[in-house]
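**Q** Before I ask anything, let me first share the structure, which is written out below as structure tokens.
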Amino acid sequence: MKLPRNELVLILAKLSQELPAKKFAQEVASYLLSENRTGELDSLGRDLVNYRAMSGLVEVTVVSARQLSSAALTEVKSQVKQIYPKARRIIINQRIDEEQIGGLRLELPDRQLDLTLRSKLNQLKQLTAGN
């Protein structure tokens, strides 16, 4: 019998706290392969991140052109805390995208905030397109 996804997410949330990251990833991959459920990996990942956020652990990915300073990371954390006031813990992962001109993109559990220069230029372009 196939375990419903919402129950599987609860089990994964518990396992993610008990196992080291590498072992957790191996266990999840093994289960999904053995149960022929590999197509559910993305949705399970999103569900797990959302569950963790509702439980007070918010994980954010910051995408920028360069490594951010500790002051910038502190500011990002402060902004995330405003979006998720009930967050007891905020984890920030950085990802470098050298194709970005400037600014950053925040990938949050339930949304994405595009604060890149390219996004701002595109908004300006759309505003001036009618003139």
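Each chain in the structure tokens gets a letter, A, B, ..., in the order shown, and its residues are numbered from 1; ligands are numbered from 1 in order too.
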Given only C-alpha atoms, how would the per-residue table for stretch 73-118 of chain A near stretch 39-62 of chain A read, listing every residue at most 7 Å away with its closest atom pair and distance in Å to one decimal, sorted by chain and number, as a Markdown table?
**A**
```
| residue | atom | partner | partner_atom | distance |
| --- | --- | --- | --- | --- |
| A:Lys86 | CA | A:Gly56 | CA | 6.2 |
| A:Ala87 | CA | A:Gly56 | CA | 4.3 |
| A:Arg88 | CA | A:Gly56 | CA | 4.9 |
| A:Arg89 | CA | A:Leu57 | CA | 4.9 |
| A:Ile90 | CA | A:Val58 | CA | 4.9 |
| A:Ile91 | CA | A:Glu59 | CA | 4.7 |
| A:Ile92 | CA | A:Val60 | CA | 4.9 |
| A:Asn93 | CA | A:Thr61 | CA | 4.6 |
| A:Gln94 | CA | A:Val62 | CA | 4.9 |
| A:Arg95 | CA | A:Val62 | CA | 6.1 |
| A:Leu104 | CA | A:Val62 | CA | 6.6 |
| A:Arg105 | CA | A:Val62 | CA | 5.8 |
| A:Leu106 | CA | A:Val62 | CA | 4.8 |
| A:Glu107 | CA | A:Thr61 | CA | 5.0 |
| A:Leu108 | CA | A:Val60 | CA | 5.0 |
| A:Pro109 | CA | A:Asn50 | CA | 5.5 |
| A:Asp110 | CA | A:Asn50 | CA | 6.9 |
```
**Q** Determine which residues of stretch 7-118 of chain A DSSP labels as strand (DSSP E or B) from the backbone of this structure, then write them out as a list in words.
**A**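 Secondary structure check on stretch 7-118 of chain A, strand (DSSP E or B): Leu57, Val58, Glu59, Val60, Thr61, Val62, Val63, Ser64, Arg89, Ile90, Ile91, Ile92, Asn93, Gln94, Arg95, Ile96, Gly103, Leu104, Arg105, Leu106, Glu107, Gln112, Leu113, Asp114, Leu115 and Thr116 of chain A.
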**Q** If you keep N, CA and C atoms, can you produce a file of those selected residues as a compact mmCIF listing (two decimals), in the first residue's frame?
**A**
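Writing the result to selection_34.txt gives the following:
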```
# COMPACT_ATOMS: atom_id res chain seq x y z
N LEU A 57 11.14 26.38 11.54
CA LEU A 57 12.45 26.32 10.91
C LEU A 57 12.31 26.76 9.45
N VAL A 58 12.78 27.95 9.15
CA VAL A 58 12.64 28.50 7.80
C VAL A 58 14.00 28.41 7.11
N GLU A 59 13.98 27.79 5.94
CA GLU A 59 15.20 27.65 5.15
C GLU A 59 15.06 28.51 3.90
N VAL A 60 16.04 29.37 3.67
CA VAL A 60 16.00 30.32 2.57
C VAL A 60 17.26 30.15 1.73
N THR A 61 17.09 30.22 0.42
CA THR A 61 18.25 30.24 -0.47
C THR A 61 18.37 31.64 -1.03
N VAL A 62 19.56 32.22 -0.90
CA VAL A 62 19.84 33.54 -1.44
C VAL A 62 20.73 33.35 -2.65
N VAL A 63 20.25 33.81 -3.80
CA VAL A 63 21.01 33.70 -5.04
C VAL A 63 21.54 35.08 -5.38
N SER A 64 22.86 35.18 -5.53
CA SER A 64 23.48 36.47 -5.84
C SER A 64 24.66 36.27 -6.79
N ARG A 89 14.05 29.55 14.02
CA ARG A 89 15.39 29.36 13.45
C ARG A 89 15.32 29.63 11.95
N ILE A 90 16.30 30.36 11.45
CA ILE A 90 16.37 30.67 10.02
C ILE A 90 17.71 30.18 9.49
N ILE A 91 17.65 29.35 8.47
CA ILE A 91 18.86 28.84 7.82
C ILE A 91 18.97 29.52 6.46
N ILE A 92 20.12 30.12 6.20
CA ILE A 92 20.33 30.79 4.92
C ILE A 92 21.39 30.03 4.13
N ASN A 93 21.00 29.58 2.95
CA ASN A 93 21.93 28.93 2.03
C ASN A 93 22.24 29.94 0.92
N GLN A 94 23.50 30.05 0.56
CA GLN A 94 23.88 30.96 -0.52
C GLN A 94 24.18 30.17 -1.78
N ARG A 95 23.76 30.74 -2.90
CA ARG A 95 24.10 30.15 -4.20
C ARG A 95 24.58 31.29 -5.10
N ILE A 96 25.68 31.10 -5.74
CA ILE A 96 26.25 32.11 -6.63
C ILE A 96 25.76 31.85 -8.05
N GLY A 103 22.09 42.60 -7.32
CA GLY A 103 20.91 42.31 -6.51
C GLY A 103 20.91 40.86 -6.08
N LEU A 104 19.76 40.42 -5.61
CA LEU A 104 19.64 39.02 -5.19
C LEU A 104 18.23 38.51 -5.34
N ARG A 105 18.13 37.21 -5.29
CA ARG A 105 16.84 36.53 -5.36
C ARG A 105 16.73 35.66 -4.11
N LEU A 106 15.60 35.78 -3.42
CA LEU A 106 15.34 34.97 -2.24
C LEU A 106 14.36 33.87 -2.59
N GLU A 107 14.77 32.64 -2.36
CA GLU A 107 13.89 31.50 -2.56
C GLU A 107 13.41 31.06 -1.19
N GLN A 112 9.00 33.26 -4.02
CA GLN A 112 10.33 33.69 -4.46
C GLN A 112 10.28 35.21 -4.61
N LEU A 113 11.25 35.89 -4.05
CA LEU A 113 11.34 37.34 -4.18
C LEU A 113 12.52 37.66 -5.09
N ASP A 114 12.22 38.24 -6.23
CA ASP A 114 13.26 38.57 -7.20
C ASP A 114 13.64 40.04 -7.04
N LEU A 115 14.77 40.28 -6.41
CA LEU A 115 15.26 41.63 -6.16
C LEU A 115 16.52 41.90 -6.99
N THR A 116 16.61 41.20 -8.13
CA THR A 116 17.78 41.34 -8.98
C THR A 116 17.68 42.62 -9.82
```
